[in-house]
Structure formats: C-alpha cells, structure tokens
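This is target20.cif (mmCIF, C-alpha atoms).
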data_work
#
loop_
_atom_site.label_atom_id
_atom_site.label_comp_id
_atom_site.auth_asym_id
_atom_site.auth_seq_id
_atom_site.Cartn_x
_atom_site.Cartn_y
_atom_site.Cartn_z
CA MET A 1 81.98 54.30 35.86
CA ALA A 2 80.13 51.42 37.50
CA ARG A 3 76.97 50.50 35.72
CA ASN A 4 73.62 50.43 37.47
CA ARG A 5 72.66 47.00 38.72
CA VAL A 6 68.89 46.85 38.58
CA ARG A 7 67.15 43.73 39.82
CA ILE A 8 63.49 42.81 39.96
CA ALA A 9 62.80 40.43 42.84
CA ARG A 10 61.22 37.12 41.80
CA VAL A 11 59.93 33.87 43.36
CA PRO A 12 61.41 30.89 41.42
CA SER A 13 60.03 28.04 43.53
CA LEU A 14 58.36 26.97 46.77
CA LEU A 15 61.76 25.87 48.06
CA ALA A 16 63.21 29.29 47.40
CA LEU A 17 60.18 30.79 49.15
CA SER A 18 60.89 28.76 52.29
CA LEU A 19 64.60 29.53 52.25
CA SER A 20 64.04 33.24 51.72
CA THR A 21 61.52 33.30 54.57
CA ALA A 22 64.12 31.75 56.86
CA LEU A 23 66.68 34.30 55.67
CA LEU A 24 64.26 37.11 56.36
CA LEU A 25 63.57 35.95 59.92
CA THR A 26 67.27 35.49 60.64
CA ALA A 27 68.22 38.87 59.24
CA THR A 28 65.48 40.61 61.19
CA ALA A 29 66.48 38.89 64.44
CA CYS A 30 70.15 39.76 63.96
CA GLY A 31 69.68 43.25 62.61
CA SER A 32 70.08 45.13 65.88
CA GLY A 33 73.64 46.26 65.21
CA ASP A 34 74.80 49.86 65.25
CA LYS A 35 73.72 51.66 62.08
CA ASP A 36 76.70 53.98 62.33
CA ALA A 37 79.22 51.14 62.11
CA ALA A 38 81.47 51.12 59.05
CA GLY A 39 79.45 50.22 55.96
CA GLY A 40 76.10 50.67 57.73
CA PRO A 41 73.26 52.60 56.14
CA ASP A 42 74.08 55.83 57.94
CA SER A 43 77.61 55.80 56.52
CA GLY A 44 76.27 56.90 53.13
CA ALA A 45 78.10 55.93 49.95
CA GLY A 46 80.23 53.23 51.57
CA GLY A 47 77.35 50.78 51.76
CA LYS A 48 77.43 47.10 52.62
CA ASN A 49 79.05 46.15 49.32
CA GLY A 50 81.72 48.84 49.44
CA ASP A 51 80.70 50.22 46.03
CA GLY A 52 77.93 52.56 47.09
CA PRO A 53 74.57 52.23 48.81
CA VAL A 54 72.52 49.06 48.39
CA VAL A 55 68.97 50.20 47.77
CA VAL A 56 65.70 48.28 47.77
CA ALA A 57 62.77 50.16 46.23
CA THR A 58 59.17 49.05 46.38
CA THR A 59 58.46 50.08 42.75
CA THR A 60 60.31 51.31 39.69
CA TRP A 61 59.17 54.83 40.58
CA GLU A 62 61.15 54.89 43.83
CA GLY A 63 63.90 52.96 42.07
CA ALA A 64 64.19 55.62 39.37
CA PHE A 65 64.51 58.35 41.99
CA ALA A 66 67.26 56.32 43.66
CA LYS A 67 69.11 55.83 40.36
CA ALA A 68 68.80 59.53 39.50
CA ALA A 69 70.26 60.34 42.93
CA GLY A 70 73.32 58.20 42.20
CA ALA A 71 72.51 54.73 43.55
CA GLU A 72 73.99 51.99 41.35
CA ASP A 73 72.78 48.88 43.18
CA VAL A 74 68.98 49.00 43.13
CA THR A 75 66.56 46.13 43.66
CA VAL A 76 62.89 46.66 42.81
CA ILE A 77 60.20 44.61 44.56
CA VAL A 78 57.10 45.28 42.46
CA PRO A 79 57.63 44.30 38.80
CA SER A 80 57.13 47.04 36.23
CA SER A 81 54.46 44.87 34.56
CA ALA A 82 52.13 45.39 37.55
CA ARG A 83 49.30 47.51 36.19
CA HIS A 84 48.40 48.96 39.58
CA ALA A 85 51.49 48.77 41.78
CA PRO A 86 49.72 49.59 45.10
CA ASP A 87 47.65 46.40 44.69
CA TYR A 88 50.71 44.16 44.51
CA ASP A 89 51.16 41.81 47.47
CA PRO A 90 54.88 41.33 48.22
CA ARG A 91 55.91 37.75 48.83
CA PRO A 92 58.47 36.55 51.42
CA SER A 93 61.19 36.23 48.81
CA ASP A 94 60.54 39.81 47.71
CA LEU A 95 60.91 41.05 51.25
CA ALA A 96 64.07 38.99 51.81
CA ALA A 97 65.95 41.42 49.58
CA VAL A 98 65.51 44.00 52.31
CA ALA A 99 67.89 42.05 54.57
CA ALA A 100 70.90 43.09 52.45
CA ALA A 101 69.86 46.70 51.94
CA ASP A 102 71.34 49.91 53.29
CA PHE A 103 68.22 51.87 52.33
CA VAL A 104 64.62 50.81 51.73
CA LEU A 105 62.53 53.26 49.71
CA TYR A 106 58.74 53.22 49.82
CA ALA A 107 55.73 55.52 49.44
CA PRO A 108 53.11 56.06 52.16
CA PHE A 109 50.16 55.28 49.86
CA GLU A 110 51.42 51.74 49.25
CA PRO A 111 49.37 49.40 51.48
CA TYR A 112 52.27 46.98 51.87
CA ALA A 113 54.51 49.64 53.45
CA GLU A 114 53.98 48.09 56.90
CA LYS A 115 55.30 44.74 55.62
CA ILE A 116 58.35 46.55 54.29
CA ARG A 117 58.91 48.17 57.68
CA GLN A 118 58.69 44.84 59.46
CA ALA A 119 61.02 43.16 56.98
CA ALA A 120 63.61 45.91 57.30
CA GLY A 121 64.03 45.33 61.03
CA SER A 122 66.73 47.67 62.31
CA SER A 123 69.46 47.00 59.75
CA ALA A 124 68.16 49.13 56.86
CA LYS A 125 67.29 52.79 56.83
CA LEU A 126 63.67 53.29 55.82
CA VAL A 127 63.15 56.26 53.51
CA GLU A 128 59.69 57.53 52.59
CA VAL A 129 59.82 58.92 49.06
CA ALA A 130 57.56 61.73 47.86
CA LEU A 131 56.46 60.30 44.52
CA ASP A 132 55.61 63.30 42.40
CA ASN A 133 56.88 63.97 38.88
CA ASP A 134 56.31 67.70 39.24
CA ALA A 135 59.60 69.13 38.00
CA GLY A 136 60.48 71.12 41.11
CA LYS A 137 59.48 68.38 43.52
CA ALA A 138 61.28 65.65 41.59
CA SER A 139 64.49 67.69 41.47
CA ALA A 140 64.30 68.39 45.21
CA GLU A 141 63.68 64.72 46.00
CA VAL A 142 66.67 63.59 43.92
CA THR A 143 68.83 66.12 45.76
CA ARG A 144 67.56 64.88 49.14
CA LEU A 145 68.22 61.24 48.31
CA GLY A 146 71.69 62.09 47.01
CA ALA A 147 72.50 63.65 50.37
CA LEU A 148 71.24 60.53 52.18
CA PHE A 149 73.22 58.18 49.93
CA GLY A 150 76.38 60.26 49.97
CA THR A 151 76.11 60.64 46.17
CA GLU A 152 75.51 64.38 45.98
CA ASP A 153 77.70 64.87 42.88
CA ALA A 154 75.77 62.27 40.88
CA ALA A 155 72.46 63.78 41.96
CA ALA A 156 73.66 67.25 40.91
CA ARG A 157 74.69 65.95 37.48
CA TRP A 158 71.28 64.35 37.00
CA ASN A 159 69.53 67.57 37.98
CA THR A 160 71.59 69.53 35.46
CA SER A 161 70.63 67.09 32.70
CA PHE A 162 67.01 67.10 33.84
CA LYS A 163 66.75 70.89 33.79
CA SER A 164 68.05 71.01 30.22
CA THR A 165 65.82 68.17 28.99
CA TYR A 166 62.73 69.52 30.72
CA GLY A 167 63.24 72.97 29.22
CA THR A 168 63.49 71.51 25.73
CA LEU A 169 60.33 69.45 26.22
CA GLN A 170 58.44 72.53 27.41
CA LYS A 171 59.45 74.48 24.29
CA ASP A 172 58.46 71.63 21.98
CA LEU A 173 55.07 71.25 23.65
CA LYS A 174 54.37 74.96 23.52
CA ALA A 175 55.15 74.93 19.81
CA ALA A 176 52.53 72.17 19.41
CA TRP A 177 49.68 74.05 21.12
CA PRO A 178 46.59 73.87 18.88
CA GLY A 179 46.07 77.27 17.33
CA GLY A 180 49.02 78.62 19.27
CA ARG A 181 47.02 78.81 22.51
CA ALA A 182 47.47 76.89 25.76
CA PRO A 183 44.86 74.10 25.77
CA ALA A 184 42.31 73.65 28.56
CA VAL A 185 43.00 70.40 30.41
CA VAL A 186 41.35 68.32 33.12
CA ALA A 187 43.92 66.11 34.82
CA GLN A 188 43.98 63.20 37.22
CA VAL A 189 45.70 64.44 40.39
CA PHE A 190 48.85 62.38 39.76
CA SER A 191 49.03 63.58 36.14
CA VAL A 192 48.89 67.31 36.84
CA TRP A 193 52.67 67.45 36.45
CA SER A 194 52.33 66.60 32.76
CA ALA A 195 49.80 69.38 32.24
CA ARG A 196 52.20 71.84 33.87
CA MET A 197 55.00 70.64 31.62
CA THR A 198 52.71 71.26 28.65
CA GLY A 199 51.91 74.78 29.84
CA ALA A 200 48.23 73.87 29.70
CA ASN A 201 45.45 75.67 31.50
CA VAL A 202 44.36 73.16 34.17
CA THR A 203 40.64 73.78 34.57
CA GLY A 204 39.93 70.88 36.93
CA THR A 205 41.29 67.73 38.55
CA TYR A 206 39.88 64.38 39.64
CA GLY A 207 40.85 61.22 41.51
CA PRO A 208 42.46 59.24 42.87
CA GLU A 209 39.10 57.98 44.14
CA ALA A 210 36.26 57.14 41.74
CA VAL A 211 34.69 60.16 40.06
CA THR A 212 31.09 60.87 41.06
CA ALA A 213 28.34 61.95 38.68
CA GLY A 214 28.38 65.41 40.23
CA GLN A 215 32.11 65.76 39.72
CA LEU A 216 31.79 64.67 36.11
CA ALA A 217 29.14 67.29 35.51
CA ASP A 218 31.34 69.99 37.02
CA LEU A 219 34.35 68.91 34.94
CA ALA A 220 32.27 68.87 31.75
CA LYS A 221 31.24 72.47 32.40
CA LYS A 222 34.90 73.46 32.18
CA LYS A 223 34.84 72.42 28.50
CA PRO A 224 38.37 71.00 28.41
CA SER A 225 40.03 70.03 25.17
CA TYR A 226 41.92 67.17 26.82
CA VAL A 227 41.75 64.86 29.83
CA PHE A 228 45.18 63.82 31.10
CA ASP A 229 44.48 60.47 32.72
CA ASN A 230 46.74 58.31 34.92
CA VAL A 231 47.35 55.01 33.12
CA HIS A 232 48.17 53.17 36.36
CA MET A 233 45.06 54.40 38.20
CA THR A 234 42.61 54.89 35.38
CA THR A 235 38.88 54.82 35.98
CA GLY A 236 38.12 54.51 32.29
CA GLU A 237 36.80 57.21 29.99
CA VAL A 238 36.23 60.26 32.16
CA LEU A 239 34.32 62.66 29.89
CA PRO A 240 33.16 60.50 26.97
CA ASP A 241 30.37 62.90 25.93
CA ALA A 242 32.20 66.19 26.44
CA GLY A 243 34.29 66.12 23.27
CA ALA A 244 37.54 66.05 25.24
CA GLU A 245 40.32 63.75 24.05
CA GLN A 246 41.64 61.51 26.82
CA VAL A 247 45.42 61.17 26.95
CA GLY A 248 47.03 58.40 29.03
CA ILE A 249 49.98 59.56 31.14
CA VAL A 250 52.45 57.00 32.52
CA ASN A 251 54.08 57.89 35.85
CA TYR A 252 56.09 54.74 36.47
CA PRO A 253 59.45 54.24 34.74
CA GLY A 254 60.34 50.94 33.09
CA GLU A 255 62.79 48.34 34.36
CA ASP A 256 65.69 50.53 33.20
CA LEU A 257 64.68 53.01 35.95
CA ASP A 258 65.14 55.97 33.61
CA LEU A 259 63.24 58.84 35.21
CA LEU A 260 63.98 61.20 32.32
CA ALA A 261 62.24 58.80 29.97
CA VAL A 262 58.97 59.35 31.86
CA TYR A 263 59.01 63.03 30.89
CA LYS A 264 60.10 62.35 27.32
CA ASN A 265 57.42 59.72 26.78
CA ALA A 266 54.69 61.89 28.29
CA ALA A 267 55.74 64.84 26.12
CA ASP A 268 55.70 62.64 23.02
CA THR A 269 52.23 61.31 23.86
CA ILE A 270 50.81 64.76 24.52
CA GLU A 271 52.41 66.31 21.43
CA LYS A 272 50.91 63.60 19.23
CA ALA A 273 47.47 64.26 20.72
CA MET A 274 47.74 68.01 20.21
CA THR A 275 48.93 67.75 16.61
CA ALA A 276 46.58 64.98 15.49
#
Let's see the structure in the file written out as structure tokens.
Amino acid sequence: MARNRVRIARVPSLLALSLSTALLLTATACGSGDKDAAGGPDSGAGGKNGDGPVVVATTTWEGAFAKAAGAEDVTVIVPSSARHAPDYDPRPSDLAAVAAADFVLYAPFEPYAEKIRQAAGSSAKLVEVALDNDAGKASAEVTRLGALFGTEDAAARWNTSFKSTYGTLQKDLKAAWPGGRAPAVVAQVFSVWSARMTGANVTGTYGPEAVTAGQLADLAKKKPSYVFDNVHMTTGEVLPDAGAEQVGIVNYPGEDLDLLAVYKNAADTIEKAMTA
C-alpha cells in the first residue's frame, strides 16, 4: 500500500518566493483546461500524478479529513505549530502548491479562503470542509470526501476503525465518571464534541467570540464540574472562581494527519482530569 505523503509548505528563501510567485501566476493563467479531461480533478482517484488525488489542505484539520478519506498525497499550507491557524497569512510559496492540486480543501471561517480561491484558478476543485469532530459529522464528511476523491473503499475502512475506536473511548470515559455520574460540563462551541464523547451533561457553551461578564455569570450559575476549552481558540481561564476545572481540548491533528489521534488524546486528557 502506498504510504501517505504529507508535506508542510515552507518558504526557504526570497528567491524561492519570487520563483513560486511566477509559478503561481503562470498556473493560474493556464488553468482554464477542461476539468473532466483524463487526470483532472473531476476524474477522482486518477489524479494528476496517476497514484490518486493530489490534495492541498489549508490546515492539518482538513488534511486529516483528506487522509481519513483515502488521499495519500496531501500538502498542508498552515504549519501545525501555528497556535491559531485562522490568523496565519499564507505566503506566495504556500499558495503555489495549489497549482499542482486536484483538490483544495478549506474551511469557510478561515480568512485566507479568498486567497486560496484565487490561487486555485480553474485547475483545482475547491472543496469546503465542514470542520467538526462530532462523531457523526466527522464520519459523514470522510464519506463525502471519499466519494469526491474516488477512494470510497478507503473511507469506509477508516469509518469502520473509527466506529470501533470511538466506542471504546466512550466506554472508558464513562467508567471514569466521578462518583459514577455524568459530570456537568461547560464547553467552548468547538469542543462540544469532546463533551458528547464523554457522555457529559453539557450545561452551557461559550465562544468563539470573547465571553462577556453576563455570559460568565450565567455559566457560573450552571455549577459545572469542568470547562472543556478549545486550546487553539482559548480566551484564558473561563470560570476561575467557580470551582470548575478547565480542560484543554485540541481539535487540530499533528503533522501525521492522524484524525483518530485527536479523539484518543482528548479522551486521555479528559480521563486524567476526571480521575485526578
């Protein structure tokens, strides 16, 4: 089986920056060919390299969905070290990778999405990805991408593995409930999925915008045992005086683009907090 080729786009020098900019302009100007031609993005698994679809993903989150769906040639624009990926400003050499892509994956909340659209021209198929680690939504998105890539079998195998792993994590977390009862949790909106995996009682949510004093007061009244925060969009300690333990949840996969690891790591973090 071919191994996944995961690349993080980089800018090695000013010369490379100039060359990649020229490449980008040339590719965009010449990218008006028929998408349905052999090897074009609409031909699915054939791809431009003949070994499957060539995918460019804005972040490791989209990249992990692509890998789960069966893509083996994935380039990621925003490095995994970026603390807040939506704030990253793609450089010309980052965008140049789009010229060789069959599919370009992005999320609508990323402010650089318009730059990605412009860079893609007409040669790559733009795919908006619903970034949500909710189990049902993630499974559905992997299935959808597999159908787009022509890698349905690989996507189905991932979903089978995911279902088994997720079920095990749920059982382990339930066994770790303090006092044998589902804990009360306040969660950042993009971390609700982890509370659902835990089987927690979600008494309130906050974010992604800054939390107001009034909202904090309302959340404190819920008397949660835990606050499931979003590490990549944290606003600091949410309920410091309410006696609730804040647990940092990571949504973005690492450079290995292992989506299953996101669930495993979150479960491990939550279990440690509940059994401390």
Item to complete: Convert the output of the PyMOL selection byres ((chain A and resi 57) around 10) on the shown file into explicit residues, formatted as a PyMOL selection string.
Response: chain A and resi 8+55-56+58-66+74-78+97-98+101+103-107+116+127+129
Residues near range 173-187 of chain A, anyone? I mean within 7 Å using all atoms listed in the file, not counting same-chain ones fewer than 3 positions away, as a PyMOL selection string. chain A and resi 169-170+191-192+198-206+224-229+267+271+274-275
_Residues selected by the PyMOL selection byres ((chain A and resi 233) around 9), written as a PyMOL selection string_ = chain A and resi 83-84+188+190+207-208+229-232+234-235
Six-sided padding of 5 Å per side, axis-aligned box over range 191-198 of chain A, centre and edges in Å, one decimal, as lines of an AutoDock Vina configuration file:
center_x = 51.9
center_y = 67.7
center_z = 32.7
size_x = 16.1
size_y = 18.3
size_z = 18.2
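When CA of Ala130 in chain A is paired with CA of Ser194 in chain A, their separation reads 16.7 Å.
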For the atom pair CA of Trp158 in chain A and CA of Ala100 in chain A, what is the interatomic distance in Å to one decimal place?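 Pair CA of Trp158 in chain A / CA of Ala100 in chain A returns 26.3 Å.
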Notebook entry, point to check: From the set A:Asp89, A:Ala96, A:Thr143, A:Val262, which residue has the shortest atom-to-atom contact distance to Tyr166 in chain A, counting only C-alpha atoms?
Noted result: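 So, comparing all the options, the nearest one is A:Val262.
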A straight line from CA of Leu216 in chain A to CA of Asn265 in chain A spans 27.7 Å
For Ser161 in chain A, which of A:Asp256, A:Ser139, A:Phe149, A:Ala266 is the closest residue, counting all atoms listed in the file?
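Using all atoms listed in the file, the shortest distance to Ser161 in chain A belongs to A:Ser139.
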Using all atoms listed in the file, the shortest atom-to-atom distance to Phe162 in chain A among A:Arg144, A:Arg196, A:Lys264, A:Lys272 belongs to A:Lys264
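Among A:Val142, A:Ala135, A:Asp51, A:Thr165, the residue with the shortest atom-to-atom distance to Ala261 in chain A, counting only C-alpha atoms, is A:Thr165.
If you measure from each of A:Ala244, A:Lys115, A:Thr151, A:Leu219 to Pro92 in chain A using all atoms listed in the file, the closest one turns out to be A:Lys115.
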Going by the chain IDs and residue numbers used in this file, which residues fall under the PyMOL selection byres ((chain A and resi 70) around 7)? Write them as a list in words. Ala66, Lys67, Ala68, Ala69, Ala71, Glu72, Gly146, Thr151, Ala154 and Ala155 of chain A
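The shortest atom-to-atom distance to Val247 in chain A, with all atoms listed in the file taken into account, belongs to A:Ala195 out of A:Lys137, A:Glu209, A:Ala195, A:Tyr263.
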